[in-house]
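Enquirer: Structure incoming, see below.
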Amino acid sequence: MRNETLAIHGGYEVDPTTKAVAVPIYQTVAYAFDSAEHGAALFNLEVEGNRYSRISNPTCDVLERRIALLEGGVGALSVSSGQAALHYSVLNVARNGNNIVSVPQLYGTTHTLFAHVLPQLGINVRFAESDHPAAMEKLVDDNTRAFFCESVGNPAGNVCDLEALAKVAHKHGIPLIVDNTVATPILLRPFDYGADVVIHSLTKFLGGHGTTMGGIVVDSGKFPWLEHSDRFPMFSEPDASYHGLVYTDHFGPSAYIARCRTVYQRTMGSVLSPLSAFLLLQGIETVALRIDRHVENGRRVAEFLRDDDRVEWVNYVGFEDNRYHALAGKYLGGRACSLMTFGVRGGYKAAAKFYDALKLIKRLVNLGDAKSLACHPASTTHRQMSADEQRGAGVTLEMIRLSIGIEHADDITADLDQALAAAK
Ligand SMILES: *Cc1c(COP(=O)(O)O)cnc(C)c1O
């Protein structure tokens, strides 16, 4: 089935006990064992079933199956936020003394995690000069355990050449981990281009209504962990924390996501609540429709801004003169996301006046809501960075980031128009 259909039906069949058509919210912590023997078999992973909601929950399970289907992966693990998903995705492959190589264009908190938090655990993140595969390859050494990128960078708007990045990563026997939050599987499925792991903040376009935090790690099932067991012994050697379980033996192609759940979710517990999973599933049902309108409105707004001389520049991959236009053609089917940045003529002061004058468009640090949103990254999401780091992430002082919603396009441009007038 296609993604429009999977978004509505994927991962769920009418509940056999109650015949409920909507996905039930299984608001329970634990699950009863039939007997001591049944409990033992569950703990030995000999039979399928739920034990405790930190490890699995039937409502979250539907969400996991649905996203795995949308991305074309073998399995997924839902967690409480996009940041938790990022954290787990890296911990699952890198240990103290290892490093990963990342593109520089990152979401602000991801940059903080990589530059300041993971190094405290002995995992260094090497930031490439650019998102070019050659710039990434230059930083690889014997201790490198993954490449990391955002398929579409937030807020830089760069589109990564996933096929080329995956090729270089695989040449060095390491996986490519992709944050696909901005594109969503409706515009781009990174596994189709060789990526090995995808993570999402479900908080954004997938949930789509700005009501619910959530994250997910998705496994392509294709990375040959056994072949590279010198670098990744955690998948093919007995796990002392789980009475000698060998993930590649027991789970085959799902070794990565099984270990993510069994080791990190079980012991660190960034659990998604079943109610949140339900709310996110409600959002996901309409994601394909919403993305259509986001894309259409995004183009209308980008053209409005480009044609207005109160605007200094517009960074929108839908324009032919954008340096990522060709990559957007290949990876997004030419359907540029509704995330864009622009500079108000008159620098920081004019940008602040513009920002303060917005009425319909909300001032906040979120994206991917049905509502149109505006953010000033330099003072908020990317505030913790040095000026150099901000530049690397594509953030400038006068820059406004827009996430265009699904309102009527004329109402959005009218708000921009009056705010630009106020900035003059
Ligand atoms: C928001 C965001 C995150 C973090 O997700 P949370 O759900 O807020 O933790 C990660 N990556 C990108 C690209 C984001 O936009």
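Ordering of the structure tokens sets the chain letters (A, B, ...); residue numbers start at 1 within each chain; ligands are numbered from 1 in the order shown.
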Around ligand 1, at most 10 Å away and counting only C-alpha atoms and all ligand atoms, which residues are there? Put them as a ChimeraX atom specification, please.

Expert: /A:79-86,105-111,149-155,178-183,199-205,212-216,365-368,381

Enquirer: Please return as an mmCIF file with all heavy atoms, in the first residue's frame: the residues of stretch 142-176 of chain A that backbone DSSP assigns to strand (DSSP E).

Expert:
```
data_model
loop_
_atom_site.group_PDB
_atom_site.id
_atom_site.type_symbol
_atom_site.label_atom_id
_atom_site.label_comp_id
_atom_site.auth_asym_id
_atom_site.auth_seq_id
_atom_site.Cartn_x
_atom_site.Cartn_y
_atom_site.Cartn_z
ATOM 1 N N THR A 144 35.360 5.612 14.191
ATOM 2 C CA THR A 144 34.088 6.195 13.748
ATOM 3 C C THR A 144 33.022 5.112 13.658
ATOM 4 O O THR A 144 33.269 4.036 13.109
ATOM 5 C CB THR A 144 34.262 6.900 12.386
ATOM 6 O OG1 THR A 144 35.307 7.867 12.515
ATOM 7 C CG2 THR A 144 32.977 7.587 11.955
ATOM 8 N N ARG A 145 31.847 5.415 14.206
ATOM 9 C CA ARG A 145 30.793 4.391 14.247
ATOM 10 C C ARG A 145 29.518 4.770 13.507
ATOM 11 O O ARG A 145 28.611 3.950 13.369
ATOM 12 C CB ARG A 145 30.443 4.067 15.709
ATOM 13 C CG ARG A 145 31.568 3.363 16.462
ATOM 14 C CD ARG A 145 31.879 1.993 15.868
ATOM 15 N NE ARG A 145 32.996 1.356 16.543
ATOM 16 C CZ ARG A 145 34.266 1.424 16.149
ATOM 17 N NH1 ARG A 145 34.592 2.111 15.054
ATOM 18 N NH2 ARG A 145 35.227 0.824 16.827
ATOM 19 N N ALA A 146 29.416 6.009 13.019
ATOM 20 C CA ALA A 146 28.224 6.381 12.245
ATOM 21 C C ALA A 146 28.432 7.732 11.579
ATOM 22 O O ALA A 146 29.261 8.538 12.013
ATOM 23 C CB ALA A 146 26.980 6.439 13.143
ATOM 24 N N PHE A 147 27.656 7.933 10.505
ATOM 25 C CA PHE A 147 27.459 9.264 9.910
ATOM 26 C C PHE A 147 26.103 9.739 10.383
ATOM 27 O O PHE A 147 25.160 8.938 10.489
ATOM 28 C CB PHE A 147 27.420 9.179 8.386
ATOM 29 C CG PHE A 147 28.765 9.308 7.720
ATOM 30 C CD1 PHE A 147 29.947 9.283 8.445
ATOM 31 C CD2 PHE A 147 28.831 9.461 6.335
ATOM 32 C CE1 PHE A 147 31.174 9.393 7.811
ATOM 33 C CE2 PHE A 147 30.048 9.574 5.688
ATOM 34 C CZ PHE A 147 31.230 9.544 6.425
ATOM 35 N N PHE A 148 25.992 11.030 10.609
ATOM 36 C CA PHE A 148 24.700 11.591 11.008
ATOM 37 C C PHE A 148 24.364 12.811 10.156
ATOM 38 O O PHE A 148 25.224 13.671 9.929
ATOM 39 C CB PHE A 148 24.697 12.002 12.487
ATOM 40 C CG PHE A 148 23.360 12.525 12.929
ATOM 41 C CD1 PHE A 148 22.402 11.659 13.426
ATOM 42 C CD2 PHE A 148 23.042 13.871 12.784
ATOM 43 C CE1 PHE A 148 21.137 12.129 13.779
ATOM 44 C CE2 PHE A 148 21.778 14.351 13.134
ATOM 45 C CZ PHE A 148 20.829 13.465 13.642
ATOM 46 N N CYS A 149 23.110 12.901 9.733
ATOM 47 C CA CYS A 149 22.649 14.120 9.049
ATOM 48 C C CYS A 149 21.152 14.293 9.232
ATOM 49 O O CYS A 149 20.449 13.364 9.622
ATOM 50 C CB CYS A 149 22.995 14.075 7.567
ATOM 51 S SG CYS A 149 21.969 12.950 6.611
ATOM 52 N N GLU A 150 20.684 15.504 8.961
ATOM 53 C CA GLU A 150 19.250 15.763 8.844
ATOM 54 C C GLU A 150 18.957 15.779 7.342
ATOM 55 O O GLU A 150 19.641 16.489 6.598
ATOM 56 C CB GLU A 150 18.899 17.118 9.487
ATOM 57 C CG GLU A 150 19.137 17.113 10.981
ATOM 58 C CD GLU A 150 18.821 18.440 11.692
ATOM 59 O OE1 GLU A 150 18.297 19.371 11.053
ATOM 60 O OE2 GLU A 150 19.113 18.528 12.901
ATOM 61 N N LEU A 176 24.524 5.007 8.247
ATOM 62 C CA LEU A 176 24.093 6.401 8.122
ATOM 63 C C LEU A 176 22.792 6.564 8.917
ATOM 64 O O LEU A 176 21.800 5.888 8.643
ATOM 65 C CB LEU A 176 23.852 6.760 6.651
ATOM 66 C CG LEU A 176 23.199 8.125 6.384
ATOM 67 C CD1 LEU A 176 24.097 9.283 6.849
ATOM 68 C CD2 LEU A 176 22.858 8.296 4.897
#
```

Enquirer: When you count only C-alpha atoms, which of these residues is closest to A:Ser372: A:Ala156, A:Met399, A:Ala277, A:Leu339?

Expert: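 Distance minimum relative to A:Ser372 lands on A:Leu339.
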
Enquirer: Would you kindly return, as an MDAnalysis selection string, each protein, DNA or RNA residue with an atom no farther than 12 Å from any atom of A:Ala421, considering only C-alpha atoms and excluding same-chain residues fewer than 2 positions away?

Expert: chainID A and resid 308:311 344:345 350:351 353:358 414:419 423:424

Enquirer: So which residues touch stretch 240-251 of chain A within 9 Å, counting only C-alpha atoms, skipping near sequence neighbours fewer than 2 positions away, as a ChimeraX atom specification?

Expert: /A:44-45,225-226,234-238,253-256,258-259,262-263

Enquirer: Could you please determine the separation between atom CA of A:Ala128 and atom CA of A:Ser102 in Å, to one decimal place?

Expert: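 About the pair atom CA of A:Ala128 and atom CA of A:Ser102: they are 6.1 Å apart.
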
Enquirer: Can you tell me, as an NGL selection string, what residues are no more than 9 Å from A:Val74 when counting only C-alpha atoms, ignoring any on the same chain fewer than 5 positions away?

Expert: :A and (65 or 68-69 or 218-222 or 253-254 or 257)

Enquirer: For the residues in the current selection, export N, CA, C and O atoms as a compact mmCIF listing (two decimals), in the first residue's frame.

Expert:
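Written out: out03.txt:
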```txt
# COMPACT_ATOMS: atom_id res chain seq x y z
N ARG A 65 4.58 0.34 14.41
CA ARG A 65 4.37 -0.40 13.16
C ARG A 65 4.03 0.56 12.02
O ARG A 65 4.48 0.39 10.89
N ALA A 68 7.12 2.47 10.93
CA ALA A 68 8.03 1.55 10.24
C ALA A 68 7.53 1.29 8.82
O ALA A 68 8.32 1.26 7.86
N LEU A 69 6.23 1.12 8.65
CA LEU A 69 5.66 0.91 7.31
C LEU A 69 5.83 2.15 6.44
O LEU A 69 6.21 2.06 5.27
N VAL A 218 13.75 4.34 13.82
CA VAL A 218 13.30 3.34 12.84
C VAL A 218 14.52 2.63 12.25
O VAL A 218 15.53 3.27 11.94
N ASP A 219 14.41 1.32 12.12
CA ASP A 219 15.52 0.47 11.65
C ASP A 219 15.22 -0.02 10.23
O ASP A 219 14.16 -0.61 9.99
N SER A 220 16.15 0.19 9.32
CA SER A 220 15.96 -0.29 7.94
C SER A 220 16.08 -1.80 7.86
O SER A 220 15.58 -2.43 6.94
N GLY A 221 16.81 -2.38 8.82
CA GLY A 221 17.04 -3.82 8.81
C GLY A 221 18.10 -4.26 7.81
O GLY A 221 18.32 -5.45 7.63
N LYS A 222 18.77 -3.29 7.19
CA LYS A 222 19.70 -3.66 6.11
C LYS A 222 21.17 -3.60 6.50
O LYS A 222 22.01 -4.17 5.79
N PRO A 253 17.50 -9.39 11.16
CA PRO A 253 17.61 -8.04 10.60
C PRO A 253 17.10 -6.94 11.55
O PRO A 253 17.37 -5.77 11.32
N SER A 254 16.38 -7.32 12.61
CA SER A 254 15.89 -6.30 13.55
C SER A 254 16.81 -6.13 14.76
O SER A 254 16.39 -5.60 15.78
N ILE A 257 17.13 -2.40 16.28
CA ILE A 257 16.00 -1.81 17.00
C ILE A 257 15.65 -2.64 18.24
O ILE A 257 15.23 -2.10 19.27
```

Enquirer: To one decimal place, how far is atom CA of A:His408 from atom CA of A:Arg300 in Å?

Expert: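 Computing the Euclidean distance for atom CA of A:His408 and atom CA of A:Arg300 yields 10.4 Å.
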
Enquirer: Rounded to one decimal in Å, what is the spacing between atom CA of A:Ala20 and atom CA of A:Met1?

Expert: 22.3 Å

Enquirer: Looking at A:Asp369, A:Asp161, A:Asp61, A:Glu296, which one is nearest to A:His325, with distances taken over only C-alpha atoms?

Expert: A:Asp161

Enquirer: With a distance cut-off of 7 Å and only C-alpha atoms, select the neighbouring residues of A:Leu402, excluding the residue or stretch itself and same-chain residues fewer than 2 positions from it, and output the selection as a list in words.

Expert: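 The neighbour list is Leu339, Met340, Thr341, Leu373, Ala374, Cys375, Ile400 and Ile404 of chain A.
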